[in-house]
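Shown here: final-v7.cif, mmCIF, C-alpha atoms.
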data_start
#
loop_
_atom_site.label_atom_id
_atom_site.label_comp_id
_atom_site.auth_asym_id
_atom_site.auth_seq_id
_atom_site.Cartn_x
_atom_site.Cartn_y
_atom_site.Cartn_z
CA MET L 27 0.00 0.00 0.00
CA ILE L 28 1.25 3.48 -0.82
CA SER L 29 0.07 6.21 1.49
CA LEU L 30 1.02 9.81 2.14
CA GLY L 31 3.19 8.74 5.04
CA THR L 32 5.26 6.13 3.22
CA SER L 33 8.94 7.10 3.11
CA ARG L 34 11.38 6.29 0.32
CA ARG L 35 13.43 4.16 2.71
CA ASP L 36 10.31 2.17 3.71
CA PHE L 37 9.26 1.80 0.09
CA LEU L 38 12.58 0.20 -0.84
CA THR L 39 12.64 -2.28 2.01
CA ALA L 40 11.44 -5.82 1.50
CA GLY L 41 8.77 -5.44 4.14
CA ALA L 42 7.12 -2.59 2.24
CA LEU L 43 6.98 -4.49 -1.02
CA THR L 44 4.65 -7.35 -0.32
CA PRO L 45 1.56 -5.20 0.46
CA LEU L 46 2.08 -3.52 -2.90
CA GLY L 47 1.62 -6.81 -4.69
CA LEU L 48 5.11 -6.48 -6.20
CA THR L 49 6.07 -10.13 -5.82
CA ALA L 50 7.52 -12.31 -8.53
CA ALA L 51 4.40 -14.44 -8.65
CA GLY L 52 2.17 -11.38 -8.57
CA LEU L 53 3.84 -9.97 -11.64
CA SER L 54 3.70 -13.16 -13.73
CA THR L 55 1.50 -12.51 -16.77
CA HIS L 56 0.65 -13.64 -20.22
CA ARG L 57 0.59 -11.06 -22.95
CA ALA L 58 -2.47 -10.37 -25.05
CA GLY L 59 -2.07 -11.23 -28.70
CA ASP L 60 -3.50 -7.94 -29.91
CA ALA L 61 -1.12 -5.40 -31.33
CA LYS L 62 -3.11 -2.62 -29.69
CA ARG L 63 -2.95 -2.46 -25.91
CA ARG L 64 -6.31 -2.59 -24.14
CA SER L 65 -7.24 -1.29 -20.71
CA CYS L 66 -10.21 -1.17 -18.36
CA VAL L 67 -11.26 1.34 -15.73
CA PHE L 68 -13.67 -0.13 -13.19
CA LEU L 69 -15.52 2.56 -11.20
CA PHE L 70 -17.20 0.89 -8.24
CA LEU L 71 -20.20 2.86 -6.95
CA PHE L 72 -19.98 1.59 -3.40
CA GLY L 73 -23.29 1.46 -1.52
CA GLY L 74 -25.62 0.63 -4.39
CA PRO L 75 -27.06 3.43 -6.57
CA SER L 76 -30.80 3.60 -7.15
CA GLN L 77 -31.45 2.35 -10.66
CA ILE L 78 -35.06 3.59 -10.69
CA ASP L 79 -34.12 7.14 -9.67
CA LEU L 80 -31.06 7.56 -11.91
CA PHE L 81 -30.70 5.30 -14.95
CA ASP L 82 -33.92 3.32 -15.35
CA LEU L 83 -36.71 5.75 -14.46
CA LYS L 84 -40.32 4.65 -14.63
CA PRO L 85 -42.31 7.93 -14.94
CA ASN L 86 -45.64 6.13 -15.39
CA ALA L 87 -45.33 4.09 -12.20
CA PRO L 88 -47.21 5.02 -8.99
CA ASP L 89 -45.77 7.77 -6.79
CA ASN L 90 -44.32 5.43 -4.17
CA ILE L 91 -42.35 3.65 -6.92
CA ARG L 92 -41.25 6.34 -9.35
CA GLY L 93 -40.24 8.81 -6.64
CA GLU L 94 -39.54 12.55 -6.99
CA PHE L 95 -37.17 12.78 -9.94
CA LYS L 96 -38.15 13.36 -13.54
CA PRO L 97 -36.45 11.93 -16.63
CA ILE L 98 -34.71 14.18 -19.15
CA ALA L 99 -33.83 13.59 -22.77
CA THR L 100 -30.26 12.77 -23.77
CA ARG L 101 -28.28 13.16 -26.98
CA VAL L 102 -29.68 9.78 -28.01
CA PRO L 103 -33.34 9.89 -29.15
CA GLY L 104 -35.57 7.90 -26.82
CA LEU L 105 -32.89 7.45 -24.13
CA GLN L 106 -33.61 9.21 -20.83
CA VAL L 107 -31.79 9.60 -17.53
CA CYS L 108 -32.42 11.45 -14.27
CA GLU L 109 -32.90 15.23 -14.40
CA HIS L 110 -29.96 15.61 -12.02
CA LEU L 111 -27.56 13.96 -14.47
CA PRO L 112 -27.36 16.48 -17.32
CA GLY L 113 -23.67 15.76 -17.82
CA LEU L 114 -24.38 12.08 -18.37
CA ALA L 115 -27.18 13.01 -20.76
CA GLY L 116 -24.65 15.04 -22.72
CA ILE L 117 -22.40 12.01 -23.37
CA ALA L 118 -25.19 9.46 -23.92
CA GLU L 119 -23.93 8.69 -27.42
CA LYS L 120 -20.71 7.38 -25.84
CA ILE L 121 -22.25 5.05 -23.24
CA CYS L 122 -24.38 1.95 -22.97
CA LEU L 123 -26.84 1.62 -20.08
CA LEU L 124 -26.81 -2.06 -19.16
CA ARG L 125 -30.06 -2.18 -17.20
CA SER L 126 -30.21 -5.93 -16.63
CA MET L 127 -27.54 -6.62 -14.01
CA THR L 128 -28.83 -9.18 -11.53
CA HIS L 129 -27.87 -11.47 -8.65
CA ARG L 130 -29.47 -12.56 -5.37
CA MET L 131 -27.25 -11.17 -2.57
CA ASN L 132 -28.64 -8.17 -0.63
CA VAL L 133 -25.93 -7.69 2.03
CA HIS L 134 -23.24 -5.11 1.24
CA GLY L 135 -20.02 -7.06 1.83
CA PRO L 136 -21.05 -10.34 0.20
CA ALA L 137 -22.64 -8.40 -2.68
CA CYS L 138 -19.44 -6.41 -3.16
CA SER L 139 -17.59 -9.71 -3.22
CA GLU L 140 -19.90 -11.04 -5.92
CA ILE L 141 -19.35 -8.00 -8.14
CA PHE L 142 -15.60 -7.86 -7.57
CA SER L 143 -15.02 -11.59 -8.02
CA GLY L 144 -17.85 -12.60 -10.34
CA ARG L 145 -18.73 -15.54 -8.06
CA PRO L 146 -21.59 -16.24 -5.63
CA TYR L 147 -20.59 -15.56 -2.05
CA PHE L 148 -19.18 -18.75 -0.51
CA MET L 149 -20.93 -18.67 2.89
CA ALA L 150 -23.97 -17.32 4.71
CA PRO L 151 -24.10 -13.49 4.52
CA ILE L 152 -23.47 -12.90 8.20
CA THR L 153 -20.58 -10.44 7.82
CA ASP L 154 -19.34 -7.71 5.48
CA GLN L 155 -15.71 -8.40 6.28
CA ALA L 156 -12.94 -10.11 4.34
CA SER L 157 -11.60 -13.55 5.13
CA ARG L 158 -8.91 -15.81 3.70
CA GLU L 159 -11.65 -17.77 1.91
CA ASP L 160 -12.66 -14.80 -0.25
CA TRP L 161 -12.79 -15.39 -3.97
CA PRO L 162 -10.08 -13.40 -5.78
CA SER L 163 -11.10 -10.02 -7.14
CA ILE L 164 -10.96 -8.96 -10.77
CA SER L 165 -8.14 -6.60 -9.75
CA SER L 166 -6.04 -9.47 -8.37
CA LEU L 167 -6.79 -11.71 -11.36
CA SER L 168 -5.59 -8.92 -13.61
CA ALA L 169 -2.54 -8.35 -11.41
CA ARG L 170 -1.55 -11.98 -11.87
CA TYR L 171 -2.56 -12.64 -15.46
CA GLY L 172 -2.91 -9.25 -17.14
CA PRO L 173 -0.59 -7.70 -19.70
CA LYS L 174 1.91 -5.30 -18.15
CA THR L 175 4.42 -2.67 -19.12
CA SER L 176 8.07 -2.83 -18.16
CA VAL L 177 7.45 -0.20 -15.49
CA PHE L 178 3.98 -0.42 -13.98
CA PRO L 179 2.13 -3.40 -12.51
CA PRO L 180 -0.86 -4.49 -14.60
CA SER L 181 -3.49 -3.69 -11.95
CA VAL L 182 -3.90 -0.64 -9.72
CA VAL L 183 -6.57 0.14 -7.07
CA LEU L 184 -7.27 3.63 -5.78
CA PRO L 185 -7.93 5.49 -3.56
CA TRP L 186 -8.82 2.97 -0.81
CA TYR L 187 -9.94 -0.53 0.03
CA LEU L 188 -13.59 -0.33 1.03
CA GLN L 189 -14.18 -0.69 4.76
CA PHE L 190 -17.12 0.16 6.96
CA PRO L 191 -16.40 2.44 9.94
CA GLY L 192 -15.97 0.57 13.16
CA GLN L 193 -15.07 -2.72 11.48
CA PRO L 194 -11.50 -4.01 11.82
CA LYS L 195 -11.27 -5.58 8.37
CA ARG L 196 -11.86 -4.39 4.83
CA ILE L 197 -14.99 -5.44 2.96
CA ALA L 198 -14.92 -8.89 1.38
CA GLY L 199 -13.71 -9.80 -2.08
CA GLN L 200 -11.31 -6.97 -2.92
CA THR L 201 -7.98 -8.78 -3.05
CA GLY L 202 -6.32 -12.10 -3.88
CA GLY L 203 -8.22 -14.00 -1.18
CA ARG L 204 -7.89 -17.73 -1.59
CA MET L 205 -5.63 -17.24 -4.63
CA GLY L 206 -3.11 -15.56 -2.33
CA GLU L 207 -2.72 -12.02 -1.04
CA ARG L 208 0.63 -11.79 -2.85
CA HIS L 209 -1.43 -11.33 -6.03
CA ASN L 210 -3.05 -8.14 -4.75
CA ALA L 211 -3.19 -5.16 -7.06
CA PHE L 212 -0.95 -2.13 -6.53
CA LEU L 213 -2.84 0.07 -4.03
CA VAL L 214 -2.50 3.86 -4.18
CA GLU L 215 -4.15 5.16 -1.05
CA GLY L 216 -5.08 8.64 0.05
CA ASP L 217 -7.34 11.60 -0.59
CA LEU L 218 -6.47 12.45 -4.18
CA GLY L 219 -8.87 15.38 -3.96
CA ARG L 220 -6.41 17.28 -1.74
CA THR L 221 -4.56 20.00 -3.61
CA ASP L 222 -1.30 19.00 -1.89
CA TYR L 223 -1.70 15.27 -2.55
CA VAL L 224 1.61 13.63 -3.42
CA ILE L 225 2.91 10.08 -3.28
CA GLU L 226 6.19 9.81 -1.44
CA GLY L 227 8.81 7.24 -2.39
CA LEU L 228 8.52 7.21 -6.19
CA ASP L 229 10.84 10.15 -6.93
CA LEU L 230 14.61 10.18 -6.58
CA PRO L 231 16.01 12.72 -4.10
CA GLY L 232 17.68 15.72 -5.67
CA GLU L 233 21.19 14.48 -4.93
CA VAL L 234 20.59 11.08 -6.57
CA ASN L 235 20.42 10.87 -10.37
CA ALA L 236 19.85 7.78 -12.49
CA GLY L 237 23.59 7.05 -12.58
CA ARG L 238 23.97 7.10 -8.81
CA LEU L 239 20.88 4.92 -8.47
CA SER L 240 22.50 2.33 -10.76
CA GLU L 241 25.72 2.48 -8.73
CA ARG L 242 23.80 1.90 -5.51
CA ARG L 243 22.01 -1.02 -7.10
CA ARG L 244 25.30 -2.64 -8.16
CA LEU L 245 26.72 -2.12 -4.68
CA LEU L 246 23.69 -3.74 -3.08
CA GLU L 247 23.86 -6.70 -5.46
CA GLY L 248 27.57 -7.11 -4.63
CA LEU L 249 26.85 -7.16 -0.91
CA GLN L 250 24.05 -9.66 -1.43
CA GLY L 251 26.37 -11.90 -3.38
CA GLN L 252 28.61 -12.15 -0.32
CA SER L 253 25.72 -13.12 1.97
CA SER L 254 25.12 -16.79 2.72
CA VAL L 255 21.63 -16.21 4.07
CA ARG L 256 19.16 -15.09 1.40
CA PRO L 257 15.63 -16.31 2.25
CA ASP L 258 13.20 -16.19 -0.64
CA SER L 259 15.87 -14.47 -2.71
CA GLY L 260 14.18 -14.98 -6.06
CA SER L 261 11.01 -13.19 -5.01
CA LEU L 262 12.92 -10.42 -3.24
CA ASP L 263 15.18 -9.84 -6.24
CA ALA L 264 12.15 -9.55 -8.52
CA ASP L 265 10.53 -7.09 -6.11
CA ARG L 266 13.63 -4.96 -5.93
CA ALA L 267 14.12 -5.01 -9.71
CA HIS L 268 10.57 -3.77 -10.21
CA VAL L 269 10.96 -0.96 -7.69
CA TYR L 270 14.22 0.14 -9.28
CA GLY L 271 12.33 0.16 -12.56
CA LEU L 272 9.67 2.45 -11.06
CA LEU L 273 12.30 4.83 -9.72
CA GLY L 274 14.55 4.76 -12.76
CA ASN L 275 11.67 5.41 -15.14
CA LYS L 276 10.31 8.33 -13.11
CA ALA L 277 7.05 6.59 -12.26
CA GLY L 278 6.43 9.34 -9.74
CA ASP L 279 5.71 11.69 -12.64
CA VAL L 280 2.69 9.61 -13.64
CA PHE L 281 1.30 9.73 -10.10
CA ASP L 282 1.78 13.50 -9.86
CA LEU L 283 -1.55 15.13 -10.67
CA ARG L 284 0.06 18.54 -10.39
CA ARG L 285 1.41 17.95 -13.89
CA GLU L 286 -2.11 18.24 -15.27
CA PRO L 287 -3.42 21.68 -16.35
CA GLN L 288 -5.51 23.21 -13.59
CA ARG L 289 -8.41 23.78 -15.98
CA LEU L 290 -8.57 20.03 -16.66
CA ARG L 291 -8.40 19.19 -12.96
CA ASP L 292 -11.25 21.62 -12.43
CA ARG L 293 -13.33 19.86 -15.10
CA TYR L 294 -13.11 16.60 -13.13
CA GLY L 295 -13.93 18.39 -9.89
CA PRO L 296 -11.95 18.86 -6.64
CA THR L 297 -13.21 15.59 -5.18
CA THR L 298 -11.52 12.31 -4.37
CA VAL L 299 -13.57 10.57 -7.06
CA GLY L 300 -12.91 13.21 -9.69
CA GLN L 301 -9.17 13.28 -9.15
CA SER L 302 -9.03 9.48 -8.88
CA LEU L 303 -10.59 9.22 -12.34
CA LEU L 304 -8.05 11.72 -13.63
CA MET L 305 -5.32 9.55 -12.12
CA ALA L 306 -6.92 6.54 -13.79
CA ARG L 307 -6.61 8.24 -17.17
CA ARG L 308 -2.91 8.87 -16.53
CA LEU L 309 -2.39 5.23 -15.58
CA VAL L 310 -4.17 4.04 -18.72
CA GLU L 311 -1.83 6.25 -20.74
CA ALA L 312 1.10 4.68 -18.88
CA GLY L 313 0.01 1.18 -19.89
CA VAL L 314 -1.79 -0.15 -16.80
CA SER L 315 -4.32 -2.82 -17.83
CA LEU L 316 -6.93 -2.48 -15.07
CA VAL L 317 -7.52 0.52 -12.84
CA THR L 318 -10.13 0.07 -10.10
CA VAL L 319 -11.53 3.29 -8.64
CA ASN L 320 -13.53 2.78 -5.46
CA TRP L 321 -16.07 5.53 -4.84
CA SER L 322 -15.30 7.75 -1.86
CA ASP L 323 -17.18 10.73 -0.49
CA GLU L 324 -17.79 12.49 2.82
CA THR L 325 -20.35 9.87 3.91
CA LYS L 326 -17.82 7.01 3.90
CA ILE L 327 -17.69 7.42 7.70
CA ASP L 328 -21.48 7.01 8.00
CA GLY L 329 -22.27 3.48 9.08
CA THR L 330 -25.92 3.71 8.00
CA ASN L 331 -25.97 5.55 4.67
CA THR L 332 -22.43 5.03 3.41
CA CYS L 333 -21.71 6.52 -0.02
CA TRP L 334 -24.48 5.39 -2.46
CA ASP L 335 -26.42 3.67 0.35
CA THR L 336 -29.66 5.64 0.77
CA HIS L 337 -31.85 4.10 3.45
CA GLN L 338 -32.94 7.58 4.47
CA ASP L 339 -33.44 10.84 2.57
CA ASN L 340 -32.75 9.09 -0.73
CA PHE L 341 -33.68 12.03 -2.96
CA ALA L 342 -31.94 14.75 -0.96
CA LYS L 343 -28.68 12.83 -0.86
CA LEU L 344 -28.77 11.98 -4.56
CA LYS L 345 -29.64 15.55 -5.56
CA THR L 346 -27.22 17.48 -3.34
CA LEU L 347 -24.19 15.16 -3.03
CA LEU L 348 -23.98 12.06 -5.18
CA CYS L 349 -25.33 13.23 -8.52
CA PRO L 350 -23.29 16.46 -8.60
CA VAL L 351 -20.02 14.62 -7.88
CA PHE L 352 -20.70 11.80 -10.33
CA ASP L 353 -22.13 14.03 -13.04
CA ARG L 354 -19.07 16.25 -13.03
CA ALA L 355 -16.37 13.58 -12.80
CA PHE L 356 -17.67 10.72 -14.94
CA PRO L 357 -18.64 12.63 -18.10
CA SER L 358 -15.35 14.56 -17.91
CA PHE L 359 -13.47 11.28 -17.70
CA ILE L 360 -15.26 9.79 -20.71
CA ALA L 361 -14.74 12.98 -22.74
CA ASP L 362 -11.06 13.10 -21.78
CA LEU L 363 -10.50 9.51 -22.87
CA HIS L 364 -12.29 10.24 -26.14
CA ASP L 365 -10.31 13.42 -26.82
CA ARG L 366 -7.03 11.56 -26.33
CA GLY L 367 -7.98 8.64 -28.56
CA LEU L 368 -8.09 6.22 -25.61
CA LEU L 369 -11.80 5.42 -25.40
CA GLU L 370 -11.89 2.82 -28.16
CA SER L 371 -9.24 0.70 -26.42
CA THR L 372 -10.37 1.41 -22.85
CA LEU L 373 -13.44 -0.33 -21.47
CA VAL L 374 -15.10 1.74 -18.74
CA VAL L 375 -17.47 0.04 -16.29
CA ALA L 376 -19.37 1.90 -13.56
CA VAL L 377 -21.52 -0.25 -11.27
CA GLY L 378 -22.45 -0.76 -7.62
CA GLU L 379 -22.99 -3.95 -5.65
CA PHE L 380 -26.77 -3.81 -6.19
CA GLY L 381 -29.64 -1.38 -6.78
CA ARG L 382 -32.42 -0.09 -4.56
CA THR L 383 -35.93 -1.29 -3.80
CA PRO L 384 -38.67 -0.40 -6.31
CA ARG L 385 -40.93 0.89 -3.54
CA LEU L 386 -39.94 3.66 -1.17
CA GLY L 387 -39.58 2.44 2.41
CA GLN L 388 -39.70 -1.21 1.32
CA PHE L 389 -37.83 -3.42 3.82
CA THR L 390 -35.54 -6.14 2.47
CA GLN L 391 -32.41 -6.14 4.62
CA SER L 392 -31.83 -3.05 6.76
CA SER L 393 -34.04 -1.92 9.62
CA ASN L 394 -32.56 1.57 9.11
CA THR L 395 -34.68 2.01 5.99
CA ARG L 396 -37.26 4.79 6.31
CA LYS L 397 -40.18 5.95 4.18
CA THR L 398 -37.82 8.48 2.58
CA GLY L 399 -35.31 5.83 1.55
CA ARG L 400 -34.81 2.67 -0.47
CA ASP L 401 -33.36 -0.61 0.82
CA HIS L 402 -30.96 -3.00 -0.92
CA TRP L 403 -32.16 -4.66 -4.14
CA PRO L 404 -29.95 -7.06 -6.16
CA HIS L 405 -32.59 -8.41 -8.55
CA ALA L 406 -32.22 -5.67 -11.16
CA PHE L 407 -29.77 -2.77 -11.37
CA THR L 408 -27.78 -0.81 -13.93
CA ALA L 409 -24.15 -0.79 -15.04
CA ILE L 410 -22.83 2.00 -17.25
CA LEU L 411 -20.42 0.88 -19.97
CA ALA L 412 -18.35 2.97 -22.35
CA GLY L 413 -15.47 2.49 -24.75
CA GLY L 414 -13.72 -0.80 -25.37
CA GLY L 415 -15.50 -1.32 -28.68
CA ILE L 416 -18.99 -1.60 -27.18
CA ARG L 417 -22.00 -0.37 -29.15
CA ALA L 418 -22.68 2.94 -27.47
CA GLY L 419 -25.69 5.23 -27.51
CA ARG L 420 -28.15 2.55 -26.47
CA VAL L 421 -29.70 0.47 -23.73
CA TYR L 422 -28.90 -3.21 -23.20
CA GLY L 423 -31.46 -5.31 -21.33
CA ALA L 424 -34.75 -4.22 -19.79
CA THR L 425 -36.61 -4.40 -16.50
CA THR L 426 -40.21 -4.75 -15.43
CA ALA L 427 -42.55 -1.78 -15.02
CA ASP L 428 -41.26 -1.08 -11.51
CA ALA L 429 -37.53 -1.57 -12.34
CA GLY L 430 -37.58 -4.46 -9.90
CA TYR L 431 -36.77 -7.48 -12.05
CA VAL L 432 -34.96 -8.20 -15.29
CA ARG L 433 -37.29 -8.70 -18.23
CA ASP L 434 -34.72 -9.66 -20.87
CA ASN L 435 -30.98 -10.14 -21.42
CA PRO L 436 -29.95 -10.75 -17.78
CA VAL L 437 -26.26 -10.19 -17.01
CA THR L 438 -24.68 -11.71 -13.91
CA PRO L 439 -21.54 -10.59 -12.08
CA ALA L 440 -19.83 -13.67 -13.56
CA ASP L 441 -20.69 -12.52 -17.07
CA LEU L 442 -19.46 -8.99 -16.36
CA THR L 443 -16.17 -10.31 -14.98
CA ALA L 444 -15.70 -12.60 -18.00
CA SER L 445 -16.38 -9.64 -20.29
CA ILE L 446 -13.70 -7.51 -18.61
CA LEU L 447 -11.13 -10.30 -18.69
CA HIS L 448 -11.94 -10.99 -22.34
CA HIS L 449 -11.45 -7.34 -23.22
CA LEU L 450 -8.05 -7.37 -21.51
CA GLY L 451 -6.98 -10.41 -23.49
CA ILE L 452 -7.04 -12.71 -20.45
CA ASP L 453 -8.47 -16.20 -20.96
CA HIS L 454 -11.25 -16.35 -18.37
CA ARG L 455 -11.39 -20.14 -18.71
CA GLN L 456 -7.83 -20.74 -17.49
CA GLN L 457 -7.41 -22.07 -13.96
CA TYR L 458 -5.51 -21.28 -10.80
CA GLU L 459 -5.06 -23.41 -7.68
CA ASP L 460 -6.58 -21.81 -4.62
CA GLU L 461 -4.65 -21.88 -1.35
CA PHE L 462 -7.70 -22.58 0.78
CA GLN L 463 -9.13 -25.81 -0.63
CA HIS L 464 -6.28 -26.65 -3.00
CA LEU L 465 -8.72 -26.98 -5.87
CA ARG L 466 -8.35 -25.63 -9.36
CA ASN L 467 -10.81 -22.87 -10.27
CA ARG L 468 -11.49 -21.00 -13.48
CA LEU L 469 -10.81 -17.30 -13.41
CA SER L 470 -14.51 -16.80 -14.22
CA GLU L 471 -17.45 -19.16 -14.52
CA GLY L 472 -19.32 -16.61 -16.64
CA GLU L 473 -19.16 -15.88 -20.35
CA PRO L 474 -18.46 -12.58 -22.10
CA VAL L 475 -21.72 -10.77 -22.87
CA LYS L 476 -22.49 -10.98 -26.57
CA ASN L 477 -24.07 -8.24 -28.67
CA LEU L 478 -22.53 -5.47 -26.57
#

Show me the file's structure as structure tokens.
Amino acid sequence: MISLGTSRRDFLTAGALTPLGLTAAGLSTHRAGDAKRRSCVFLFLFGGPSQIDLFDLKPNAPDNIRGEFKPIATRVPGLQVCEHLPGLAGIAEKICLLRSMTHRMNVHGPACSEIFSGRPYFMAPITDQASREDWPSISSLSARYGPKTSVFPPSVVLPWYLQFPGQPKRIAGQTGGRMGERHNAFLVEGDLGRTDYVIEGLDLPGEVNAGRLSERRRLLEGLQGQSSVRPDSGSLDADRAHVYGLLGNKAGDVFDLRREPQRLRDRYGPTTVGQSLLMARRLVEAGVSLVTVNWSDETKIDGTNTCWDTHQDNFAKLKTLLCPVFDRAFPSFIADLHDRGLLESTLVVAVGEFGRTPRLGQFTQSSNTRKTGRDHWPHAFTAILAGGGIRAGRVYGATTADAGYVRDNPVTPADLTASILHHLGIDHRQQYEDEFQHLRNRLSEGEPVKNL
């Protein structure tokens, strides 16, 4: 993990390398056969956005179903979105609203695990927290098997691992789990929305140039050659080689958002999400295969209505906080990718762990749900797709009259995971041996979604 407090000395020590996922096994990959590099940015809308209030409005439904918001027209004839998403409406010709996501898990942590891993949760949904039995996440599968550059690891997560306040462990399904934590993605942690945000440890000090760095490396290798005790030397040497590659190739420049024009940073918005998406664009340009951006806002410390979770005051929270942040950052990100010629090769996926109940105040899981809110609802929800060669400017799948159930073209988390892996040139049918049961498992049991 890289954080604002990580020193250069700590970063270069063996102990600081393993949490970064920079192990020899974690960097083993197979290269995609395509001449053109492909990437994916996975924006996880933690908490579960309301499909019926934002992306799949039902204006003819009864009041207690359709809610307060009105639909507005987009740049695509016949395609409508929420009135509080005018920015999204303005890029509708570049996106596909996949309205038929579905699964059966209505508890946050296990549902997050299902979306991140593409597999049904392995036990009863009695906790949100991670365990060693977790299925590996798409970020860790990409870290192990994804194409990589000579400098950067193939998979990066930012700006945090999801974790509920008051719980000692992160939410389930975000890392290597039973495949091994050494396959975790490269985590860049911190509030990227801060104007003074900087990552320590990836820039050489002023008195050390590339030549002196090489001399220090040769000296260290000479000292190691004289040592008779070198535990796990192969893995450590690979770690160190990769870190020297990051330093020698000025990787810190890529992680320095101050190099972006202020007017562009302003377009994304001065928020953690906005600046994380800007960082994601820089990482895509640098050759990273998969960038996972976990939603973060001021309500991440609220244990009842965390981020997109809206058990109470659903419409006020969407209107005043969530929609403005999303509608500034996400359309700016899509437009930026398009302007730089990156959208065609970069698949963008924005999705939460589930949707919200069709009826206001409907109880399904949380006793905190009030008449002004919507509870958890996994049976039908929306993912937003863009780029990556998908057919944009349309809707894929459909729901019933109350947006509660999928009417046609259902897409499961397994299918979404397989689609992402397929786009990245990773064979989703290949197998790994898990360290929990010592069984061989496919990377995904789903199949890439056709006709997208």

Between atom CA of L:Leu373 and atom CA of L:Gly415, distance in Å (one decimal)
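Calculated distance between atom CA of L:Leu373 and atom CA of L:Gly415 is 7.6 Å.
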
Find the spatial neighbours of L:Ala99, counting all atoms listed in the file, within a cut-off of 10 Å - ignore same-chain residues fewer than 4 positions away - and output them as a VMD selection string.
chain L and resid 103 to 109 112 115 to 116 118

The PyMOL selection byres ((chain L and resi 398-412) around 7) on the file shown: which residues, as a tab-separated table (two decimals) with C-alpha atoms, keeping the file's coordinate frame?
chain	number	residue	atom	x	y	z
L	77	GLN	CA	-31.45	2.35	-10.66
L	81	PHE	CA	-30.70	5.30	-14.95
L	120	LYS	CA	-20.71	7.38	-25.84
L	121	ILE	CA	-22.25	5.05	-23.24
L	122	CYS	CA	-24.38	1.95	-22.97
L	123	LEU	CA	-26.84	1.62	-20.08
L	124	LEU	CA	-26.81	-2.06	-19.16
L	125	ARG	CA	-30.06	-2.18	-17.20
L	126	SER	CA	-30.21	-5.93	-16.63
L	127	MET	CA	-27.54	-6.62	-14.01
L	128	THR	CA	-28.83	-9.18	-11.53
L	129	HIS	CA	-27.87	-11.47	-8.65
L	130	ARG	CA	-29.47	-12.56	-5.37
L	131	MET	CA	-27.25	-11.17	-2.57
L	132	ASN	CA	-28.64	-8.17	-0.63
L	336	THR	CA	-29.66	5.64	0.77
L	337	HIS	CA	-31.85	4.10	3.45
L	338	GLN	CA	-32.94	7.58	4.47
L	339	ASP	CA	-33.44	10.84	2.57
L	340	ASN	CA	-32.75	9.09	-0.73
L	373	LEU	CA	-13.44	-0.33	-21.47
L	374	VAL	CA	-15.10	1.74	-18.74
L	375	VAL	CA	-17.47	0.04	-16.29
L	376	ALA	CA	-19.37	1.90	-13.56
L	377	VAL	CA	-21.52	-0.25	-11.27
L	380	PHE	CA	-26.77	-3.81	-6.19
L	381	GLY	CA	-29.64	-1.38	-6.78
L	382	ARG	CA	-32.42	-0.09	-4.56
L	383	THR	CA	-35.93	-1.29	-3.80
L	386	LEU	CA	-39.94	3.66	-1.17
L	387	GLY	CA	-39.58	2.44	2.41
L	388	GLN	CA	-39.70	-1.21	1.32
L	389	PHE	CA	-37.83	-3.42	3.82
L	390	THR	CA	-35.54	-6.14	2.47
L	391	GLN	CA	-32.41	-6.14	4.62
L	392	SER	CA	-31.83	-3.05	6.76
L	395	THR	CA	-34.68	2.01	5.99
L	396	ARG	CA	-37.26	4.79	6.31
L	397	LYS	CA	-40.18	5.95	4.18
L	413	GLY	CA	-15.47	2.49	-24.75
L	414	GLY	CA	-13.72	-0.80	-25.37
L	416	ILE	CA	-18.99	-1.60	-27.18
L	418	ALA	CA	-22.68	2.94	-27.47
L	429	ALA	CA	-37.53	-1.57	-12.34
L	430	GLY	CA	-37.58	-4.46	-9.90
L	431	TYR	CA	-36.77	-7.48	-12.05
L	432	VAL	CA	-34.96	-8.20	-15.29

Of the listed residues L:Lys174, L:Phe70, L:Phe352, L:Ile98, that which approaches L:Ser139 most closely, counting all atoms listed in the file
L:Phe70

Shell of 9 Å around L:Leu348, all atoms listed in the file, local chain residues under 4 positions omitted, as a ChimeraX atom specification
/L:323,333-334,343-344,352-353

Need the shell around L:Thr372: protein/DNA/RNA residues with any atom at most 9 Å away, counting only C-alpha atoms. Skip same-chain ones fewer than 3 positions apart. Format as a ChimeraX atom specification?
/L:63-67,310,315,363,368-369,412-415,449

For a test of reading the model, state the distance in Å between atom CA of L:Leu442 and atom CA of L:Asp365, rounded to one decimal.
26.4 Å

Between L:Asp79, L:Asp160, L:Asp335, L:Glu461, single out the one closest to L:Gly206, counting only C-alpha atoms.
L:Glu461

So which residues fall inside 10 Å of (-23.3, -7.9, -27.5) if we count only C-alpha atoms? Mind giving them as a VMD selection string?
chain L and resid 416 to 417 422 474 to 478

Which residues match the PyMOL selection byres ((chain L and resi 452-460) around 9) in the file above, as a VMD selection string?
chain L and resid 56 to 58 161 168 171 to 173 203 to 206 443 to 451 461 to 474
